[in-house]
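Structure file target09.cif (mmCIF, C-alpha atoms) is printed below.
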```cif
data_run
loop_
_atom_site.label_atom_id
_atom_site.label_comp_id
_atom_site.auth_asym_id
_atom_site.auth_seq_id
_atom_site.Cartn_x
_atom_site.Cartn_y
_atom_site.Cartn_z
CA MET W 1 75.35 51.84 141.31
CA PRO W 2 75.90 55.54 140.43
CA TYR W 3 79.40 56.66 139.64
CA VAL W 4 81.09 60.13 139.50
CA LYS W 5 82.66 61.49 136.36
CA SER W 6 84.34 64.87 136.03
CA HIS W 7 84.87 66.97 132.89
CA ILE W 8 85.98 70.55 132.07
CA ARG W 9 83.52 72.97 130.57
CA ARG W 10 84.39 75.49 127.87
CA ASP W 11 84.91 78.23 130.44
CA GLY W 12 87.61 76.16 132.15
CA ALA W 13 85.58 75.10 135.18
CA ARG W 14 85.81 71.46 136.28
CA VAL W 15 82.43 69.87 136.82
CA ARG W 16 81.66 66.57 138.55
CA ALA W 17 78.49 64.71 137.58
CA HIS W 18 76.80 61.54 138.84
CA TYR W 19 75.82 58.88 136.35
CA ARG W 20 73.99 55.52 136.67
CA LYS W 21 75.13 52.53 134.67
CA ARG W 22 72.61 50.99 132.37
CA ARG W 23 72.07 47.29 132.73
CA ARG W 24 72.54 45.35 129.58
CA ALA W 25 69.59 43.12 128.82
CA ARG W 26 70.48 39.50 129.28
CA GLY W 27 70.12 37.31 126.27
CA GLY W 28 69.44 40.19 123.98
CA GLY W 29 72.42 39.51 121.80
CA GLY W 30 71.71 35.79 121.75
CA ALA W 31 68.10 36.37 120.74
CA ALA W 32 69.22 38.71 118.00
CA ARG W 33 71.75 36.20 116.79
CA ARG W 34 69.16 33.45 116.86
CA GLY W 35 66.77 35.66 114.95
CA ARG W 36 69.39 36.36 112.33
CA SER W 37 70.35 32.70 112.05
CA GLY W 38 66.68 31.66 111.91
CA SER W 39 65.97 34.10 109.11
CA ALA W 40 69.04 32.87 107.25
CA ALA W 41 68.09 29.19 107.54
CA PRO W 42 65.57 29.21 104.65
CA LEU W 43 68.16 30.90 102.49
CA LEU W 44 70.79 28.29 103.36
CA TRP W 45 68.39 25.48 102.47
CA GLY W 46 66.89 27.23 99.49
CA VAL W 47 70.12 27.80 97.61
CA PRO W 48 71.15 24.10 97.41
CA ALA W 49 67.58 23.13 96.51
CA LEU W 50 67.53 25.69 93.71
CA VAL W 51 70.90 24.45 92.44
CA LEU W 52 69.63 20.86 92.40
CA VAL W 53 66.50 21.86 90.50
CA VAL W 54 68.58 23.74 87.91
CA LEU W 55 70.94 20.79 87.50
CA ALA W 56 68.02 18.36 87.17
CA VAL W 57 66.33 20.50 84.50
CA ASP W 58 69.60 20.84 82.63
CA PHE W 59 70.20 17.07 82.80
CA VAL W 60 66.70 16.33 81.46
CA ARG W 61 67.18 18.80 78.61
CA ARG W 62 70.55 17.36 77.65
CA HIS W 63 69.73 13.66 78.21
CA PRO W 64 65.97 13.10 77.76
CA TYR W 65 66.25 9.35 77.11
CA TRP W 66 68.48 8.74 80.10
CA SER W 67 66.07 10.78 82.22
CA VAL W 68 63.14 8.58 81.19
CA LEU W 69 65.17 5.46 81.95
CA LEU W 70 66.20 6.82 85.36
CA VAL W 71 62.60 7.67 86.26
CA ALA W 72 61.50 4.20 85.17
CA VAL W 73 64.18 2.52 87.30
CA VAL W 74 63.27 4.58 90.36
CA GLY W 75 59.57 3.84 89.81
CA LEU W 76 60.22 0.11 89.53
CA ALA W 77 62.32 0.19 92.70
CA VAL W 78 59.58 1.97 94.64
CA ALA W 79 56.95 -0.43 93.30
CA GLY W 80 59.14 -3.38 94.28
CA LEU W 81 59.51 -2.07 97.84
CA LEU W 82 55.77 -1.50 98.17
CA LEU W 83 55.06 -4.99 96.83
CA ALA W 84 57.55 -6.54 99.25
CA ARG W 85 55.95 -4.73 102.20
CA ALA W 86 52.49 -5.83 101.10
CA ARG W 87 53.64 -9.46 100.85
CA GLN W 88 55.27 -9.25 104.28
CA ARG W 89 52.07 -7.90 105.83
CA ALA W 90 50.06 -10.62 104.09
CA ARG W 91 52.39 -13.28 105.51
CA GLN W 92 52.07 -11.79 108.98
CA ARG W 93 48.26 -11.78 108.73
CA ALA W 94 48.29 -15.37 107.48
CA GLU W 95 50.55 -16.43 110.36
CA GLN W 96 48.28 -14.70 112.88
CA GLU W 97 45.24 -16.43 111.38
CA ARG W 98 47.05 -19.76 111.52
CA GLN W 99 47.93 -19.23 115.18
CA ARG W 100 44.34 -18.27 116.02
CA ALA W 101 43.05 -21.32 114.19
CA GLU W 102 45.52 -23.55 116.01
CA GLN W 103 44.52 -21.97 119.33
CA ALA W 104 40.84 -22.52 118.56
CA ARG W 105 41.53 -26.16 117.64
CA ARG W 106 43.44 -26.76 120.86
CA ASP W 107 40.76 -25.01 122.91
CA ARG W 108 38.27 -27.65 121.76
CA LEU W 109 40.24 -30.42 123.45
CA ILE W 110 39.61 -30.99 127.15
CA ALA W 111 42.95 -32.78 127.45
CA VAL W 112 44.88 -29.52 127.10
CA THR W 113 43.53 -28.39 130.48
CA ASP W 114 45.32 -31.21 132.32
CA THR W 115 48.71 -29.50 131.92
CA MET W 116 47.49 -25.95 132.60
CA SER W 117 48.03 -23.87 135.69
CA GLY W 118 45.07 -22.31 137.48
CA PRO W 119 45.35 -18.91 135.71
CA GLU W 120 45.78 -20.63 132.32
CA PHE W 121 42.63 -22.65 132.94
CA GLU W 122 40.74 -19.44 133.79
CA ARG W 123 41.84 -17.80 130.52
CA TRP W 124 40.97 -20.97 128.59
CA PHE W 125 37.46 -20.97 130.02
CA ALA W 126 37.11 -17.23 129.33
CA ARG W 127 37.86 -17.91 125.64
CA LEU W 128 35.25 -20.67 125.70
CA LEU W 129 32.65 -18.25 127.05
CA GLU W 130 33.43 -15.73 124.31
CA ALA W 131 33.21 -18.44 121.64
CA SER W 132 29.83 -19.45 123.09
CA GLY W 133 28.26 -16.00 122.75
CA PHE W 134 28.91 -14.54 126.21
CA ARG W 135 29.81 -10.85 126.34
CA GLN W 136 32.08 -8.64 128.48
CA VAL W 137 34.10 -11.67 129.57
CA THR W 138 36.72 -10.69 132.15
CA VAL W 139 39.22 -12.83 134.03
CA THR W 140 39.25 -11.58 137.62
CA GLY W 141 40.97 -14.46 139.39
CA GLY W 142 43.88 -13.75 141.69
CA ALA W 143 44.61 -12.77 145.24
CA GLY W 144 41.48 -11.52 146.98
CA ASP W 145 39.08 -12.55 144.20
CA ARG W 146 36.70 -14.11 146.80
CA GLY W 147 35.83 -16.96 144.51
CA ALA W 148 35.10 -15.01 141.32
CA ASP W 149 37.61 -16.11 138.67
CA VAL W 150 35.67 -15.07 135.56
CA VAL W 151 32.72 -12.72 135.16
CA ALA W 152 30.64 -12.23 132.03
CA VAL W 153 27.22 -11.39 130.66
CA ALA W 154 25.15 -14.31 129.35
CA PRO W 155 23.36 -14.12 125.99
CA ASP W 156 20.10 -13.60 127.91
CA GLY W 157 21.60 -10.63 129.82
CA ARG W 158 22.23 -12.26 133.18
CA ARG W 159 25.45 -11.50 135.08
CA VAL W 160 27.59 -14.65 135.21
CA VAL W 161 30.08 -15.33 138.00
CA VAL W 162 32.34 -18.35 137.54
CA GLN W 163 34.75 -20.13 139.84
CA CYS W 164 37.28 -22.28 137.96
CA LYS W 165 38.70 -25.40 139.61
CA ARG W 166 41.69 -26.82 137.71
CA GLN W 167 42.26 -30.21 139.34
CA SER W 168 44.33 -33.30 138.75
CA ALA W 169 42.57 -36.27 137.18
CA HIS W 170 41.91 -38.01 140.51
CA ASN W 171 41.14 -34.97 142.64
CA ARG W 172 37.44 -34.11 142.88
CA VAL W 173 35.90 -30.81 143.97
CA GLY W 174 34.35 -31.26 147.40
CA SER W 175 31.38 -29.70 149.14
CA ALA W 176 33.54 -27.18 151.07
CA ALA W 177 34.45 -25.35 147.85
CA ILE W 178 30.80 -25.26 146.83
CA GLN W 179 29.73 -23.88 150.21
CA ARG W 180 32.36 -21.11 150.11
CA PHE W 181 31.32 -20.07 146.61
CA ALA W 182 27.67 -20.12 147.61
CA GLY W 183 28.43 -17.51 150.29
CA THR W 184 30.03 -14.99 147.90
CA CYS W 185 28.60 -15.50 144.42
CA ARG W 186 25.41 -13.49 144.83
CA GLU W 187 25.96 -11.50 148.02
CA VAL W 188 29.47 -10.24 147.16
CA HIS W 189 29.70 -10.43 143.37
CA GLY W 190 26.06 -9.88 142.42
CA GLY W 191 25.90 -13.04 140.32
CA GLN W 192 22.61 -13.94 138.67
CA LEU W 193 24.04 -17.11 137.16
CA CYS W 194 26.61 -18.74 139.45
CA VAL W 195 28.80 -21.47 137.95
CA ILE W 196 31.57 -23.72 139.24
CA VAL W 197 33.50 -25.36 136.40
CA THR W 198 36.20 -28.01 136.72
CA ASN W 199 38.26 -30.23 134.47
CA SER W 200 37.64 -32.99 137.04
CA PHE W 201 34.43 -34.07 138.80
CA PHE W 202 32.45 -33.13 141.90
CA THR W 203 32.19 -35.25 144.99
CA ALA W 204 28.70 -36.68 145.27
CA GLY W 205 26.84 -35.78 148.43
CA ASP W 206 25.92 -32.65 150.36
CA GLY W 207 27.83 -30.27 148.09
CA VAL W 208 25.90 -31.26 144.96
CA ARG W 209 22.58 -31.15 146.82
CA LEU W 210 23.45 -27.71 148.22
CA ALA W 211 24.32 -26.45 144.75
CA ARG W 212 20.96 -27.56 143.44
CA GLN W 213 19.14 -25.95 146.37
CA LEU W 214 20.98 -22.63 145.87
CA ASP W 215 20.74 -22.76 142.07
CA ILE W 216 24.48 -22.97 141.50
CA ALA W 217 25.40 -24.60 138.19
CA LEU W 218 28.08 -27.28 138.35
CA VAL W 219 29.99 -28.11 135.15
CA ASP W 220 32.19 -31.17 135.41
CA ARG W 221 34.73 -32.65 132.99
CA ALA W 222 32.24 -34.55 130.85
CA ALA W 223 29.98 -31.53 130.36
CA LEU W 224 32.98 -29.25 129.85
CA GLU W 225 34.39 -31.54 127.16
CA THR W 226 31.12 -31.40 125.21
CA TRP W 227 30.84 -27.64 125.71
CA ALA W 228 34.39 -27.05 124.47
CA TRP W 229 33.87 -29.20 121.37
CA THR W 230 30.43 -27.88 120.37
CA ARG W 231 30.77 -24.30 121.68
CA THR W 232 27.28 -24.74 123.13
CA PRO W 233 26.70 -24.32 126.89
CA PRO W 234 24.98 -27.20 128.68
CA PRO W 235 21.21 -26.76 129.14
CA GLY W 236 20.75 -24.99 132.46
CA LEU W 237 24.46 -25.43 133.21
CA CYS W 238 23.54 -27.90 135.96
CA VAL W 239 25.21 -31.08 134.81
CA ALA W 240 27.08 -32.34 137.86
CA ARG W 241 27.48 -36.05 138.27
#
```
Take the structure in this file and express it as C-alpha coordinates.
Amino acid sequence: MPYVKSHIRRDGARVRAHYRKRRRARGGGGAARRGRSGSAAPLLWGVPALVLVVLAVDFVRRHPYWSVLLVAVVGLAVAGLLLARARQRARQRAEQERQRAEQARRDRLIAVTDTMSGPEFERWFARLLEASGFRQVTVTGGAGDRGADVVAVAPDGRRVVVQCKRQSAHNRVGSAAIQRFAGTCREVHGGQLCVIVTNSFFTAGDGVRLARQLDIALVDRAALETWAWTRTPPPGLCVAR
(Lines of atoms letter the chains of each structure in order from A and count residues from 1; the text may use other names and numbers.)
(Lines give C-alpha, C1' and ligand atoms only; values in the text may rest on other atoms or scores of the structure.)
Protein backbone atom coordinates (compact mmCIF):
# COMPACT_ATOMS: atom_id res chain seq x y z
CA MET A 1 0.00 0.00 0.00
CA PRO A 2 1.38 3.48 -0.85
CA TYR A 3 1.72 5.98 1.94
CA VAL A 4 2.13 9.81 2.01
CA LYS A 5 5.13 11.50 3.55
CA SER A 6 5.72 15.24 3.69
CA HIS A 7 9.02 17.12 4.00
CA ILE A 8 10.21 20.75 3.68
CA ARG A 9 12.50 21.71 0.86
CA ARG A 10 15.39 24.16 1.20
CA ASP A 11 13.26 27.02 -0.09
CA GLY A 12 10.78 26.49 2.76
CA ALA A 13 8.03 24.86 0.72
CA ARG A 14 6.31 21.80 2.17
CA VAL A 15 6.12 18.92 -0.25
CA ARG A 16 4.03 15.76 0.05
CA ALA A 17 5.22 12.62 -1.74
CA HIS A 18 3.76 9.13 -2.20
CA TYR A 19 5.90 6.13 -1.37
CA ARG A 20 5.36 2.34 -1.65
CA LYS A 21 6.60 0.03 1.05
CA ARG A 22 9.01 -2.63 0.02
CA ARG A 23 8.14 -6.14 1.00
CA ARG A 24 10.79 -7.91 2.95
CA ALA A 25 11.67 -11.26 1.46
CA ARG A 26 10.47 -14.07 3.64
CA GLY A 27 13.09 -16.40 4.94
CA GLY A 28 15.91 -14.30 3.67
CA GLY A 29 17.38 -13.74 7.07
CA GLY A 30 16.94 -17.38 8.01
CA ALA A 31 18.66 -18.54 4.83
CA ALA A 32 21.51 -16.16 5.47
CA ARG A 33 21.81 -17.36 9.02
CA ARG A 34 21.74 -20.97 7.87
CA GLY A 35 24.39 -20.19 5.29
CA ARG A 36 26.58 -18.59 7.91
CA SER A 37 26.08 -21.45 10.35
CA GLY A 38 26.68 -24.02 7.59
CA SER A 39 29.93 -22.36 6.59
CA ALA A 40 30.99 -22.24 10.23
CA ALA A 41 30.26 -25.92 10.86
CA PRO A 42 33.51 -27.23 9.31
CA LEU A 43 35.43 -24.74 11.38
CA LEU A 44 33.70 -25.84 14.58
CA TRP A 45 34.51 -29.48 13.84
CA GLY A 46 37.95 -28.80 12.49
CA VAL A 47 39.30 -26.99 15.53
CA PRO A 48 38.70 -29.86 18.02
CA ALA A 49 40.04 -32.37 15.50
CA LEU A 50 43.19 -30.32 15.03
CA VAL A 51 43.63 -30.03 18.80
CA LEU A 52 43.29 -33.80 19.19
CA VAL A 53 45.86 -34.43 16.46
CA VAL A 54 48.32 -32.02 18.10
CA LEU A 55 47.80 -33.64 21.50
CA ALA A 56 48.23 -37.12 20.03
CA VAL A 57 51.47 -36.16 18.27
CA ASP A 58 52.77 -34.54 21.43
CA PHE A 59 51.87 -37.64 23.49
CA VAL A 60 53.67 -39.95 21.04
CA ARG A 61 56.76 -37.74 21.08
CA ARG A 62 56.85 -37.60 24.87
CA HIS A 63 55.84 -41.22 25.56
CA PRO A 64 56.84 -43.43 22.60
CA TYR A 65 56.80 -46.70 24.55
CA TRP A 66 53.40 -46.04 26.08
CA SER A 67 52.11 -45.13 22.61
CA VAL A 68 53.26 -48.47 21.19
CA LEU A 69 51.65 -50.29 24.11
CA LEU A 70 48.38 -48.38 23.66
CA VAL A 71 48.29 -49.15 19.93
CA ALA A 72 48.96 -52.82 20.66
CA VAL A 73 46.14 -52.97 23.23
CA VAL A 74 43.68 -51.32 20.86
CA GLY A 75 44.73 -53.65 18.04
CA LEU A 76 44.27 -56.71 20.23
CA ALA A 77 40.84 -55.49 21.32
CA VAL A 78 39.73 -54.96 17.72
CA ALA A 79 41.10 -58.37 16.71
CA GLY A 80 39.27 -59.97 19.64
CA LEU A 81 35.97 -58.37 18.60
CA LEU A 82 36.41 -59.49 14.99
CA LEU A 83 37.25 -63.03 16.13
CA ALA A 84 34.20 -63.13 18.41
CA ARG A 85 31.92 -62.00 15.57
CA ALA A 86 33.42 -64.60 13.24
CA ARG A 87 32.85 -67.35 15.82
CA GLN A 88 29.27 -66.20 16.37
CA ARG A 89 28.55 -66.29 12.64
CA ALA A 90 30.14 -69.74 12.41
CA ARG A 91 27.91 -70.98 15.24
CA GLN A 92 24.85 -69.54 13.53
CA ARG A 93 25.76 -71.23 10.24
CA ALA A 94 26.37 -74.51 12.05
CA GLU A 95 23.00 -74.25 13.81
CA GLN A 96 21.25 -73.53 10.51
CA GLU A 97 22.95 -76.54 8.91
CA ARG A 98 21.94 -78.70 11.85
CA GLN A 99 18.33 -77.56 11.56
CA ARG A 100 18.30 -78.23 7.81
CA ALA A 101 19.80 -81.67 8.37
CA GLU A 102 17.22 -82.43 11.05
CA GLN A 103 14.44 -81.22 8.75
CA ALA A 104 15.74 -83.40 5.92
CA ARG A 105 15.91 -86.41 8.25
CA ARG A 106 12.34 -85.86 9.44
CA ASP A 107 11.12 -85.34 5.88
CA ARG A 108 12.24 -88.89 5.06
CA LEU A 109 9.79 -90.37 7.55
CA ILE A 110 6.21 -90.88 6.39
CA ALA A 111 5.03 -90.97 9.99
CA VAL A 112 5.58 -87.24 10.41
CA THR A 113 2.72 -86.57 7.97
CA ASP A 114 0.16 -88.17 10.30
CA THR A 115 0.23 -85.17 12.66
CA MET A 116 0.37 -82.49 9.95
CA SER A 117 -2.36 -80.16 8.84
CA GLY A 118 -3.33 -79.95 5.18
CA PRO A 119 -1.09 -76.92 4.42
CA GLU A 120 1.84 -78.51 6.30
CA PHE A 121 1.46 -81.66 4.22
CA GLU A 122 1.50 -79.58 1.03
CA ARG A 123 4.75 -77.86 2.07
CA TRP A 124 6.25 -81.22 3.06
CA PHE A 125 5.48 -82.67 -0.35
CA ALA A 126 6.83 -79.54 -2.05
CA ARG A 127 10.17 -80.07 -0.26
CA LEU A 128 10.11 -83.70 -1.42
CA LEU A 129 9.66 -82.59 -5.03
CA GLU A 130 12.60 -80.19 -4.76
CA ALA A 131 14.78 -82.91 -3.20
CA SER A 132 13.79 -85.20 -6.08
CA GLY A 133 14.98 -82.84 -8.82
CA PHE A 134 11.75 -80.99 -9.66
CA ARG A 135 12.08 -77.28 -10.44
CA GLN A 136 9.98 -74.15 -9.86
CA VAL A 137 8.06 -75.88 -7.08
CA THR A 138 5.25 -73.65 -5.78
CA VAL A 139 2.63 -74.32 -3.12
CA THR A 140 -0.64 -72.93 -4.45
CA GLY A 141 -3.15 -74.61 -2.14
CA GLY A 142 -5.77 -72.52 -0.42
CA ALA A 143 -9.18 -71.06 -1.00
CA GLY A 144 -10.10 -71.20 -4.67
CA ASP A 145 -7.16 -73.39 -5.71
CA ARG A 146 -9.52 -75.64 -7.76
CA GLY A 147 -7.62 -78.75 -6.81
CA ALA A 148 -4.08 -77.56 -7.53
CA ASP A 149 -2.13 -77.62 -4.24
CA VAL A 150 1.40 -77.78 -5.67
CA VAL A 151 2.70 -77.02 -9.15
CA ALA A 152 6.19 -77.74 -10.45
CA VAL A 153 8.26 -78.60 -13.50
CA ALA A 154 9.40 -82.21 -13.79
CA PRO A 155 13.01 -83.09 -14.67
CA ASP A 156 11.81 -83.93 -18.19
CA GLY A 157 10.19 -80.47 -18.56
CA ARG A 158 6.54 -81.40 -18.10
CA ARG A 159 4.27 -79.15 -16.03
CA VAL A 160 3.24 -81.01 -12.86
CA VAL A 161 -0.03 -80.32 -11.03
CA VAL A 162 -0.48 -82.04 -7.68
CA GLN A 163 -3.43 -82.40 -5.35
CA CYS A 164 -2.41 -83.34 -1.80
CA LYS A 165 -4.78 -85.38 0.37
CA ARG A 166 -3.71 -85.47 4.03
CA GLN A 167 -5.95 -88.12 5.57
CA SER A 168 -6.26 -90.00 8.81
CA ALA A 169 -4.92 -93.55 8.86
CA HIS A 170 -8.32 -95.16 8.24
CA ASN A 171 -9.75 -92.62 5.80
CA ARG A 172 -9.18 -93.48 2.14
CA VAL A 173 -9.42 -91.14 -0.84
CA GLY A 174 -12.55 -91.97 -2.81
CA SER A 175 -13.46 -91.77 -6.48
CA ALA A 176 -15.29 -88.41 -6.08
CA ALA A 177 -12.02 -86.61 -5.29
CA ILE A 178 -10.37 -88.22 -8.31
CA GLN A 179 -13.24 -87.21 -10.60
CA ARG A 180 -13.14 -83.58 -9.42
CA PHE A 181 -9.39 -83.37 -9.95
CA ALA A 182 -9.72 -84.95 -13.38
CA GLY A 183 -12.02 -82.09 -14.42
CA THR A 184 -9.56 -79.31 -13.51
CA CYS A 185 -6.02 -80.65 -13.75
CA ARG A 186 -5.52 -80.24 -17.48
CA GLU A 187 -8.38 -77.99 -18.57
CA VAL A 188 -7.96 -75.37 -15.81
CA HIS A 189 -4.35 -75.71 -14.65
CA GLY A 190 -2.69 -76.90 -17.85
CA GLY A 191 -1.15 -79.95 -16.20
CA GLN A 192 0.87 -82.33 -18.33
CA LEU A 193 1.56 -84.64 -15.40
CA CYS A 194 -1.39 -84.79 -12.99
CA VAL A 195 -0.77 -86.37 -9.59
CA ILE A 196 -2.89 -87.06 -6.51
CA VAL A 197 -0.75 -87.87 -3.48
CA THR A 198 -1.98 -89.02 -0.08
CA ASN A 199 -0.52 -90.26 3.19
CA SER A 200 -3.37 -92.81 3.20
CA PHE A 201 -4.69 -95.07 0.42
CA PHE A 202 -7.19 -94.89 -2.43
CA THR A 203 -10.50 -96.67 -2.49
CA ALA A 204 -10.40 -99.47 -5.03
CA GLY A 205 -12.99 -99.26 -7.77
CA ASP A 206 -14.17 -96.73 -10.33
CA GLY A 207 -11.91 -93.92 -9.12
CA VAL A 208 -8.70 -95.89 -9.67
CA ARG A 209 -9.90 -97.13 -13.07
CA LEU A 210 -10.84 -93.56 -14.06
CA ALA A 211 -7.42 -92.31 -13.02
CA ARG A 212 -5.74 -94.88 -15.21
CA GLN A 213 -7.99 -94.04 -18.16
CA LEU A 214 -7.27 -90.29 -17.81
CA ASP A 215 -3.57 -90.79 -17.09
CA ILE A 216 -3.70 -89.36 -13.58
CA ALA A 217 -0.93 -90.66 -11.32
CA LEU A 218 -2.00 -91.85 -7.89
CA VAL A 219 0.62 -91.98 -5.12
CA ASP A 220 -0.53 -93.72 -1.98
CA ARG A 221 1.13 -94.09 1.43
CA ALA A 222 3.33 -97.05 0.52
CA ALA A 223 4.70 -95.39 -2.60
CA LEU A 224 5.05 -92.06 -0.80
CA GLU A 225 7.03 -93.68 2.02
CA THR A 226 9.52 -95.15 -0.46
CA TRP A 227 9.71 -91.87 -2.39
CA ALA A 228 10.39 -89.87 0.77
CA TRP A 229 13.13 -92.25 1.92
CA THR A 230 14.92 -92.66 -1.42
CA ARG A 231 14.19 -89.21 -2.92
CA THR A 232 13.33 -91.05 -6.13
CA PRO A 233 9.85 -90.65 -7.69
CA PRO A 234 7.93 -93.86 -8.41
CA PRO A 235 8.23 -95.10 -12.01
CA GLY A 236 5.38 -93.48 -13.92
CA LEU A 237 3.93 -92.17 -10.65
CA CYS A 238 1.01 -94.59 -11.07
CA VAL A 239 1.30 -96.78 -8.01
CA ALA A 240 -2.20 -96.85 -6.54
CA ARG A 241 -3.28 -99.96 -4.75
Using only C-alpha atoms, I'd like a table of the residues in region 61-133 of chain W that come within 8 Å of region 214-235 of chain W; for each, show the closest atom pair and its distance in Å rounded to one decimal, ordered by chain and ascending number, as a Markdown table.
```
| residue | atom | partner | partner_atom | distance |
| --- | --- | --- | --- | --- |
| W:Asp107 | CA | W:Ala228 | CA | 6.9 |
| W:Arg108 | CA | W:Trp229 | CA | 4.7 |
| W:Leu109 | CA | W:Trp229 | CA | 6.8 |
| W:Ile110 | CA | W:Glu225 | CA | 5.2 |
| W:Leu128 | CA | W:Ala228 | CA | 6.6 |
| W:Ala131 | CA | W:Arg231 | CA | 6.3 |
| W:Ser132 | CA | W:Arg231 | CA | 5.1 |
```
Carefully work through the PyMOL selection byres ((chain W and resi 180-197) around 9) for this structure and note down the residues it includes, as a VMD selection string. chain W and resid 125 146 to 148 151 154 158 to 166 175 to 179 198 to 200 210 to 211 214 to 221 224 237 to 238
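Taking CA of Gly207 (chain W) and CA of Trp124 (chain W) as endpoints, the distance between them is 25.3 Å.
Reported to one decimal place, the separation of CA of Gly46 (chain W) from CA of Arg62 (chain W) is 24.2 Å.
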Expressed in Å to a single decimal, how great is the separation between CA of Gln167 (chain W) and CA of Asp114 (chain W)?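 Going from CA of Gln167 (chain W) over to CA of Asp114 (chain W) covers 7.7 Å.
Residues matching the PyMOL selection byres ((chain W and resi 172) around 6) in this structure come to Asn171, Val173, Ser200, Phe201, Phe202 and Thr203 of chain W.
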Please return, as a PyMOL selection string, all polymer residues that have at least one atom within 6 Å of the point (37.0, -16.6, 134.9); use only C-alpha atoms and the file's own coordinate frame. chain W and resi 122+126+139+149-151+162
Can I get the selected residues back with C-alpha atoms, as a PDB file, in the frame of the given file?
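Now in selection13.pdb:
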```pdb
ATOM      1  CA  GLU W 122      40.740 -19.440 133.790  1.00  0.00           C
ATOM      2  CA  ALA W 126      37.110 -17.230 129.330  1.00  0.00           C
ATOM      3  CA  VAL W 139      39.220 -12.830 134.030  1.00  0.00           C
ATOM      4  CA  ASP W 149      37.610 -16.110 138.670  1.00  0.00           C
ATOM      5  CA  VAL W 150      35.670 -15.070 135.560  1.00  0.00           C
ATOM      6  CA  VAL W 151      32.720 -12.720 135.160  1.00  0.00           C
ATOM      7  CA  VAL W 162      32.340 -18.350 137.540  1.00  0.00           C
TER       8      VAL W 162
END
```
Any chance you could resolve the PyMOL selection byres ((chain W and resi 137) around 7) against this file and give the residues as a list in words? Ala126, Glu130, Phe134, Arg135, Gln136, Thr138, Val139, Val151, Ala152 and Val153 of chain W
